[in-house]
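Chemist: Just passing along the structure, written as structure tokens.
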Protein chains: 2
Amino acid sequence: MTTYLPPLRDLSFVLEDVLELPRAWAQVPAFADLDADTARQVIEEAGRFASDVLAPLNGPGDVQGCRLEDGRVRTPDGFAAAYRAFVDGGWPALACDPAVGGQGLPNVLNGALFEMICAANHAWTMYPGLLHGAYACLHAHATPELKAAYLPRLVSGEWLGTMCLTEPQAGSDLGLLRTRAEPAADGSHRLHGSKIFISGGDQDLTDNIVHLVLARLPDAPAGSRGISLFLVPRILPDGTVNGVHCDGIEKKMGIKGSATCQMRFEDAQGWLVGEPHRGLAAMFVMMNAARLHVALQGLAHAEAAHARALRYASERLQSRAPVRVPGAGAADPIIAHPAMRRSLLGQRALVEGARVLAYDVARVLDDAEQHPQAEVRAAAESRVSLLTPVLKAYLTELGWRVASDALQVFGGYGYIHEYGAEQTVRDARIAMIYEGTNEIQAIDFVQRRVMADQGAQLLALLDEITAQAAAHAGSHGEALAAASRAVHAATRELVAQAAQDAQYPLRAADDFLRAVGMLLLGQAWLRSAQAAARAQAARPHDDFLAAKADTAEHFFAYLLPETDLHLTRVRAARAALPAVRAPAA
Amino acid sequence: MTTYLPPLRDLSFVLEDVLELPRAWAQVPAFADLDADTARQVIEEAGRFASDVLAPLNGPGDVQGCRLEDGRVRTPDGFAAAYRAFVDGGWPALACDPAVGGQGLPNVLNGALFEMICAANHAWTMYPGLLHGAYACLHAHATPELKAAYLPRLVSGEWLGTMCLTEPQAGSDLGLLRTRAEPAADGSHRLHGSKIFISGGDQDLTDNIVHLVLARLPDAPAGSRGISLFLVPRILPDGTVNGVHCDGIEKKMGIKGSATCQMRFEDAQGWLVGEPHRGLAAMFVMMNAARLHVALQGLAHAEAAHARALRYASERLQSRAPVRVPGAGAADPIIAHPAMRRSLLGQRALVEGARVLAYDVARVLDDAEQHPQAEVRAAAESRVSLLTPVLKAYLTELGWRVASDALQVFGGYGYIHEYGAEQTVRDARIAMIYEGTNEIQAIDFVQRRVMADQGAQLLALLDEITAQAAAHAGSHGEALAAASRAVHAATRELVAQAAQDAQYPLRAADDFLRAVGMLLLGQAWLRSAQAAARAQAARPHDDFLAAKADTAEHFFAYLLPETDLHLTRVRAARAALPAVRAPAA
């Protein structure tokens, strides 16, 4: 009932027709061997793994959940076997450095892998979800000894990694954390403290678990500038069990097959990663990668939910549509009813627009890491840094929205377990919270990415979009250019007003981010419509390509206008906010 | 952790200061004995029942859920005892006709009771939730014999009632239903068929359960004009068990303490209610009452979620706010952070606006039923009928939205069971689906309420709002008048276009309903701000009244502009929708 069909046609449309990646790969030495056929094979194989191995475990894993037995986590039936298949397939190493055993493929393909496995089974995907981030963090910051001991086994997937940040009193504000790290005589450290909300803090998929733990050294300054990063394995190099304990697992709204652990470090041996007191900086490497993965989760949920609703709407017969379906009996499939068509078109416009956006940023990330020209790498690095918080917040919000819209298509059947619609809604909700809540993303975007350079980088991007839109004859180009100019004006206003009122950007942040997100979707749809038109020259009777034009039309008529609403709120935020009080009990 | 505090202050503000109900009651003979003090006592007592008896069962009932044992439903621990206390308190009879044992209080007070018990425990409230509807249906349509046998025991709450409509193939389209009713020699009927999604289809709270079942007589015409309504008790008058079986209960996203039953009627004895083939008309009495109750559920979820988030935000310390809270240590309560204040103000504007709207319609319903002047009754009846689908759809959408916004305030703690935030989100979702999905409400509103009289009644209401807004000096009045004129223009356009394109209203329905819903919230906030200003004359230093002005300000700046977005979409819907196809598997 929860069958997942990988969106292979749209993935190849986005990567080949819209983003024209095979041409881009040819210009980058690291990807010179990669062509469209190979990329397509990798994606098809990943899609098969997602649909054949992971999707069947999704519903049962939700019902069974995880349990704690004698201090160890038991994951749902089948999860461990699926993980072995994942490792045997070589998937963990897909986009890792060949120097440490990786396959050196682009982030774009790793993104496609993660979109599909998350769409098929988000809870399961949480276990390998941090692998690439842990790899990137250690690759950039660990000592050669630590790298030699841990990197190859993380790259192969033999061991899994975690990020241990949050403590009960320290969530969005990591400066409040209390876990201590005492130096030991042998150069290692001993960690003491408690962490919560640790995904895969314990599990039964791998023999060892590599925890990356934020803690304070004895001489640490207060606040976020006194936090260091440590590698703390569950099993020590000599084979003994480290002082790392799972004291409980959370009862959650969704992703129930993923163990969210309360962890206790008691005299746990760990090794410093990066400089003392510079742990947050080292961890940020991991967090940026993690944020882009979370954005892909938003896309994945939207895709899974929409595709399922579309199939159901084609089969469910209720009431006569105003234009009857030829051959229908007493009732038409609900896909023929205007309300359902509108909902499904809106969902599709969000899903397919988000896909262009997500892979476009993954492509820029590949440039940042692998492009032969230093100035291209630097510009790409800035662009990724600018857009990461927008994608994390906006795409996860779309994931939640589309999941709920899709549930509604099922009527009462959406509220029960049977079709998986309600599970996707529950699973999707976490993505708006973890790896920094969407409100934190908005503050990060406005303060660190936009205000930090007086809007320069964002304004340049907006100028690009305006020029691209203005060059496109027709109403879509006009609408996009107008929206882009409006966001441009709002950006300049934000920068100008902030000089007198430093709190204005904080009040405006959420809606400013959403305005930019919707505008980027507009750019994505302009590019998609153009790419579809180009491709139609060769394939004039292709339904898939014809549908792109319809969906673009729907996007510009029904969705792009949300930009205006967000900008109205950005303007409203110029006024101070009143104090809010809780009523007396 | 899930403590519910009844919103007594706001209820008294809405009923006394905004709607000025005590003055209205004095003019209606049926309510002449009711004064503000008595009403306040009823509400306080109901609030105590909700917070003391029901709220403590809410979280545990969600975890435990219902189970089927030997063909009978077992509700969660404590549910049956709470129901006995509900009956002993005389709550079922609150708004029933004194001639059959009711207390004859206004629907407004019954509404306050149901807002509070649903906010405290939606799942439990499902059991008595249909009592009033079953009472109203039988009161209007049953034979004197049936009334004598069943009404007093429903009014007292000794027995509970159900609505048995849906079948697997017949959800939104009741015309497809197949349950048969064969006439028996004694004038009763024998029913055969299966029903699904029957709330409280079986339970262990009452000795008998009175099912109101839609079925077809042997000579019935096809479609929705061949459906009759039957009363089918679980226990027959002679004490034997009827052929009514619960074959299973659904696994659902939320309201897990409410048993959603698969029912099988096998040679079950039943009695016709109302005319043969006119069952839908008889059932509609019940469904309209039920729809207003569902609208109150939307309000209830929004209130419960927001109040909880507000308390948490006052206590949770994270990061320093741009303006520090006097006496705060390393971090401020998150209520001081702009992003949280904006979210909380928006939630409050939706909750309190929705409350005015819900009780205003309940007041009109009281006029429709009890006003001494026939023309007032008739006008009130029309108004209730016009607004019922708007309230059902719009307030349940707001319940879901506020519940999710409130969850976000908790960060990671919102996603786990501990504070109840995620349960409210799950519970709230059903209200957008049952008693007719929100899409069905929108079609009902546009086609049967608006197009049926060429928009006359709605246009008259819009003229009232425009006049009220224009009479109010200041920016809120201007904004509301502009929005009202815009909805007025859209309504005329809808009627004019429909003459050429009968499908246009169907395409525009959802957003047209939302535009009207948001406009009604605008009217509610204008009235609230005016009432608060009046009351401030006597109580100039009252924080609660001062907060009303702040929240109104927030509403007009941030929320009313959504009307424009909805109207933009209504205009977009003038274009035909393309066909939507499911991709080939």
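Letters A, B, ... go to the chains of the structure tokens in the order shown; residues in each chain start at 1; ligands are counted from 1 in the same order.
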Quick one: which chain B residues come within 6 Å of chain A, and what is the nearest atom pair for each with the distance in Å to one decimal, counting only C-alpha atoms, rows ordered by chain and ascending number, as CSV?
Modeler:
residue,atom,partner,partner_atom,distance
B:Asp173,CA,A:Ser319,CA,5.4
B:Lys251,CA,A:Ile416,CA,5.6
B:Lys252,CA,A:Ile416,CA,4.2
B:Met253,CA,A:Tyr415,CA,5.6
B:Leu310,CA,A:Ala582,CA,5.6
B:Arg311,CA,A:Ala582,CA,5.9
B:Gln318,CA,A:Asp173,CA,5.5
B:Ser319,CA,A:Asp173,CA,5.4
B:Pro338,CA,A:Arg507,CA,5.4
B:Gly411,CA,A:Ile433,CA,5.8
B:Tyr415,CA,A:Met253,CA,5.6
B:Ile416,CA,A:Lys252,CA,4.2
B:His417,CA,A:Lys251,CA,5.8
B:Ile433,CA,A:Gly411,CA,5.8
B:Arg507,CA,A:Pro338,CA,5.4
B:Ala557,CA,A:Ala572,CA,5.8
B:Tyr558,CA,A:Arg569,CA,5.5
B:Arg569,CA,A:Tyr558,CA,5.5
B:Ala572,CA,A:Ala557,CA,5.8
B:Ala582,CA,A:Leu310,CA,5.6
Chemist: Produce a file of the selected residues containing N, CA, C and O atoms, as a short mmCIF file (atom, residue, chain, number, x, y, z; two decimals), in the first residue's frame.
Modeler:
data_model
loop_
_atom_site.label_atom_id
_atom_site.label_comp_id
_atom_site.auth_asym_id
_atom_site.auth_seq_id
_atom_site.Cartn_x
_atom_site.Cartn_y
_atom_site.Cartn_z
N ASP B 173 -19.53 10.76 -1.44
CA ASP B 173 -20.68 10.51 -2.33
C ASP B 173 -21.61 9.46 -1.70
O ASP B 173 -21.48 8.26 -1.94
N LYS B 251 -6.77 2.11 12.94
CA LYS B 251 -5.54 2.69 13.46
C LYS B 251 -5.42 4.07 12.84
O LYS B 251 -5.30 4.19 11.62
N LYS B 252 -5.45 5.09 13.65
CA LYS B 252 -5.53 6.45 13.13
C LYS B 252 -4.35 7.32 13.52
O LYS B 252 -3.59 6.99 14.43
N MET B 253 -4.26 8.46 12.85
CA MET B 253 -3.23 9.45 13.14
C MET B 253 -3.41 10.03 14.54
O MET B 253 -2.43 10.30 15.24
N LEU B 310 2.23 29.34 24.71
CA LEU B 310 2.45 30.60 25.40
C LEU B 310 3.09 30.35 26.77
O LEU B 310 4.03 31.04 27.17
N ARG B 311 2.59 29.35 27.48
CA ARG B 311 3.18 29.03 28.79
C ARG B 311 4.62 28.56 28.63
O ARG B 311 5.50 28.97 29.37
N GLN B 318 16.35 30.35 26.31
CA GLN B 318 17.33 30.08 25.25
C GLN B 318 17.79 31.41 24.66
O GLN B 318 16.97 32.23 24.26
N SER B 319 19.08 31.61 24.58
CA SER B 319 19.68 32.77 23.90
C SER B 319 19.24 34.11 24.50
O SER B 319 18.24 34.20 25.19
N PRO B 338 11.94 38.00 18.92
CA PRO B 338 10.97 38.49 17.92
C PRO B 338 10.26 37.38 17.15
O PRO B 338 9.04 37.46 16.94
N GLY B 411 10.17 23.71 19.64
CA GLY B 411 11.36 23.11 19.05
C GLY B 411 11.28 21.59 19.15
O GLY B 411 10.19 21.01 19.00
N TYR B 415 8.04 17.82 19.18
CA TYR B 415 7.91 16.62 18.35
C TYR B 415 7.76 15.36 19.20
O TYR B 415 7.44 14.29 18.69
N ILE B 416 8.02 15.47 20.50
CA ILE B 416 7.86 14.29 21.37
C ILE B 416 6.57 14.44 22.18
O ILE B 416 5.95 15.50 22.21
N HIS B 417 6.18 13.32 22.82
CA HIS B 417 4.88 13.30 23.49
C HIS B 417 4.77 14.26 24.67
O HIS B 417 3.67 14.72 24.99
N ILE B 433 -11.47 16.80 7.74
CA ILE B 433 -11.94 15.70 6.90
C ILE B 433 -13.37 15.29 7.21
O ILE B 433 -14.19 15.19 6.31
N ARG B 507 -14.05 25.60 -9.42
CA ARG B 507 -12.59 25.81 -9.38
C ARG B 507 -12.19 26.84 -8.31
O ARG B 507 -11.11 26.78 -7.75
N ALA B 557 -2.38 43.93 10.26
CA ALA B 557 -1.11 44.09 9.54
C ALA B 557 -0.65 42.80 8.88
O ALA B 557 -0.15 42.82 7.75
N TYR B 558 -0.80 41.67 9.57
CA TYR B 558 -0.18 40.43 9.10
C TYR B 558 -1.16 39.42 8.50
O TYR B 558 -0.77 38.60 7.68
N ARG B 569 -6.27 34.09 -6.31
CA ARG B 569 -6.49 32.71 -6.77
C ARG B 569 -7.89 32.52 -7.32
O ARG B 569 -8.09 31.74 -8.26
N ALA B 572 -7.61 33.70 -10.69
CA ALA B 572 -6.85 32.74 -11.51
C ALA B 572 -7.74 31.58 -11.94
O ALA B 572 -7.56 31.01 -13.03
N ALA B 582 -1.86 10.65 -13.67
CA ALA B 582 -0.88 9.94 -12.86
C ALA B 582 0.18 9.42 -13.83
O ALA B 582 -0.13 8.98 -14.93
#
Chemist: Could you give me, as a compact mmCIF listing (two decimals) with N, CA, C and O atoms, in the first residue's frame, the residues within 9 Å of A:Met263, counting only C-alpha atoms and dropping anything in the same chain fewer than 6 positions from it?
Modeler:
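Generated file (result-v4.txt):
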# COMPACT_ATOMS: atom_id res chain seq x y z
N CYS A 164 26.34 14.83 18.53
CA CYS A 164 25.81 15.00 19.89
C CYS A 164 25.94 16.45 20.31
O CYS A 164 26.97 16.88 20.83
N GLY A 193 28.70 14.04 30.83
CA GLY A 193 27.54 14.91 30.56
C GLY A 193 26.42 14.15 29.86
O GLY A 193 26.57 12.96 29.52
N SER A 194 25.31 14.84 29.70
CA SER A 194 24.12 14.21 29.09
C SER A 194 23.72 14.95 27.82
O SER A 194 23.78 16.17 27.76
N LYS A 195 23.31 14.19 26.84
CA LYS A 195 22.83 14.77 25.57
C LYS A 195 21.45 14.20 25.29
O LYS A 195 21.16 13.05 25.64
N ILE A 196 20.61 14.98 24.63
CA ILE A 196 19.29 14.46 24.24
C ILE A 196 19.08 14.65 22.75
O ILE A 196 19.83 15.37 22.10
N PHE A 197 18.02 14.00 22.27
CA PHE A 197 17.63 14.08 20.85
C PHE A 197 18.76 13.62 19.93
O PHE A 197 18.99 14.21 18.87
N ILE A 198 19.48 12.56 20.32
CA ILE A 198 20.59 12.07 19.50
C ILE A 198 20.09 10.95 18.58
O ILE A 198 19.82 9.83 19.02
N GLY A 201 21.79 7.46 18.41
CA GLY A 201 22.75 7.48 19.53
C GLY A 201 23.13 6.06 19.91
O GLY A 201 24.27 5.79 20.27
N ASP A 202 22.16 5.18 19.81
CA ASP A 202 22.48 3.75 19.85
C ASP A 202 21.64 3.07 18.77
O ASP A 202 20.58 3.59 18.38
N VAL A 244 29.74 5.25 27.31
CA VAL A 244 28.68 5.89 26.53
C VAL A 244 27.40 5.08 26.72
O VAL A 244 27.39 3.89 26.39
N HIS A 245 26.38 5.68 27.29
CA HIS A 245 25.17 4.93 27.64
C HIS A 245 23.93 5.57 27.03
O HIS A 245 23.78 6.78 27.05
N CYS A 246 23.04 4.72 26.55
CA CYS A 246 21.74 5.21 26.09
C CYS A 246 20.75 4.97 27.23
O CYS A 246 20.45 3.83 27.57
N ASP A 247 20.22 6.06 27.80
CA ASP A 247 19.34 5.94 28.98
C ASP A 247 17.87 5.91 28.60
O ASP A 247 17.02 5.66 29.46
N GLY A 248 17.56 6.22 27.37
CA GLY A 248 16.14 6.23 27.00
C GLY A 248 15.97 6.61 25.55
O GLY A 248 16.91 7.14 24.92
Chemist: Name the residues in contact with stretch 141-155 of chain B at a cut-off of 6 Å, using only C-alpha atoms, excluding same-chain residues fewer than 5 positions from it; report them as a PyMOL selection string.
Modeler: chain B and resi 93+100+273-274
Chemist: Could you give me, as a count of residues only, the residues within 9 Å of A:Asn242, counting only C-alpha atoms and dropping anything in the same chain fewer than 5 positions from it?
Modeler: 10
Chemist: Mind checking which residues fall within 6 Å of stretch 382-397 of chain A, counting only C-alpha atoms, ignoring those fewer than 4 positions away in the same chain, and posting them as a list in words?
Modeler: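 The residues that qualify are Arg291, Ala295, Gly298, Ala431, Met432, Asn438, Gln441, Phe445, Arg449 and Gly517 of chain A.
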Chemist: Using the selection just defined, write its residues with C-alpha atoms as a tab-separated table (two decimals), in the first residue's frame.
Modeler:
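Just written: selection_27.tsv:
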chain	number	residue	atom	x	y	z
A	291	ARG	CA	20.97	21.16	6.40
A	295	ALA	CA	16.08	20.28	2.58
A	298	GLY	CA	11.34	18.19	2.55
A	431	ALA	CA	12.37	18.45	9.29
A	432	MET	CA	11.08	21.92	10.21
A	438	ASN	CA	13.25	27.05	10.58
A	441	GLN	CA	17.47	29.33	9.67
A	445	PHE	CA	19.86	33.84	6.55
A	449	ARG	CA	24.02	35.89	4.88
A	517	GLY	CA	12.14	30.83	-1.36
Chemist: Can you tell me, as a list in words, what residues are no more than 10 Å from A:Gln370 when counting only C-alpha atoms, ignoring any on the same chain fewer than 5 positions away?
Modeler: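 Final neighbour list, sorted by chain and number: Trp25, Val28, Pro29, Ala30, Phe31, Pro106, Val364, Leu365, Val376 and Arg377 of chain A.
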Chemist: Limited to N, CA, C and O atoms, could you put the picked residues into a file as a compact mmCIF listing (two decimals), in the first residue's frame?
Modeler:
# COMPACT_ATOMS: atom_id res chain seq x y z
N TRP A 25 29.61 18.53 -15.99
CA TRP A 25 30.57 17.53 -15.50
C TRP A 25 31.79 17.42 -16.41
O TRP A 25 32.91 17.22 -15.95
N VAL A 28 34.68 19.55 -15.44
CA VAL A 28 35.31 19.40 -14.12
C VAL A 28 36.11 18.10 -14.12
O VAL A 28 35.54 17.02 -14.27
N PRO A 29 37.43 18.19 -13.95
CA PRO A 29 38.26 16.97 -14.04
C PRO A 29 37.78 15.85 -13.14
O PRO A 29 37.77 14.69 -13.54
N ALA A 30 37.32 16.21 -11.91
CA ALA A 30 36.93 15.14 -10.97
C ALA A 30 35.75 14.32 -11.50
O ALA A 30 35.56 13.17 -11.12
N PHE A 31 34.92 14.94 -12.39
CA PHE A 31 33.73 14.23 -12.89
C PHE A 31 33.83 13.92 -14.38
O PHE A 31 32.82 13.60 -15.03
N PRO A 106 29.44 13.17 -7.86
CA PRO A 106 28.98 14.50 -7.43
C PRO A 106 27.95 14.43 -6.30
O PRO A 106 27.22 13.45 -6.16
N VAL A 364 25.82 23.53 -7.33
CA VAL A 364 26.72 24.61 -6.93
C VAL A 364 27.70 24.10 -5.87
O VAL A 364 28.88 24.45 -5.88
N LEU A 365 27.23 23.23 -5.00
CA LEU A 365 28.12 22.64 -3.99
C LEU A 365 29.22 21.81 -4.66
O LEU A 365 30.39 21.84 -4.24
N VAL A 376 35.69 30.36 -9.38
CA VAL A 376 34.39 29.68 -9.48
C VAL A 376 34.08 28.95 -8.17
O VAL A 376 32.96 29.02 -7.65
N ARG A 377 35.09 28.31 -7.62
CA ARG A 377 34.90 27.62 -6.33
C ARG A 377 34.46 28.60 -5.26
O ARG A 377 33.51 28.34 -4.51
Chemist: So which residues touch stretch 518-521 of chain A within 9 Å, counting only C-alpha atoms, skipping near sequence neighbours fewer than 2 positions away, as a ChimeraX atom specification?
Modeler: /A:349-350,353-354,356-357,394,465,480,483-484,487,513-516,523-526,555,559-563
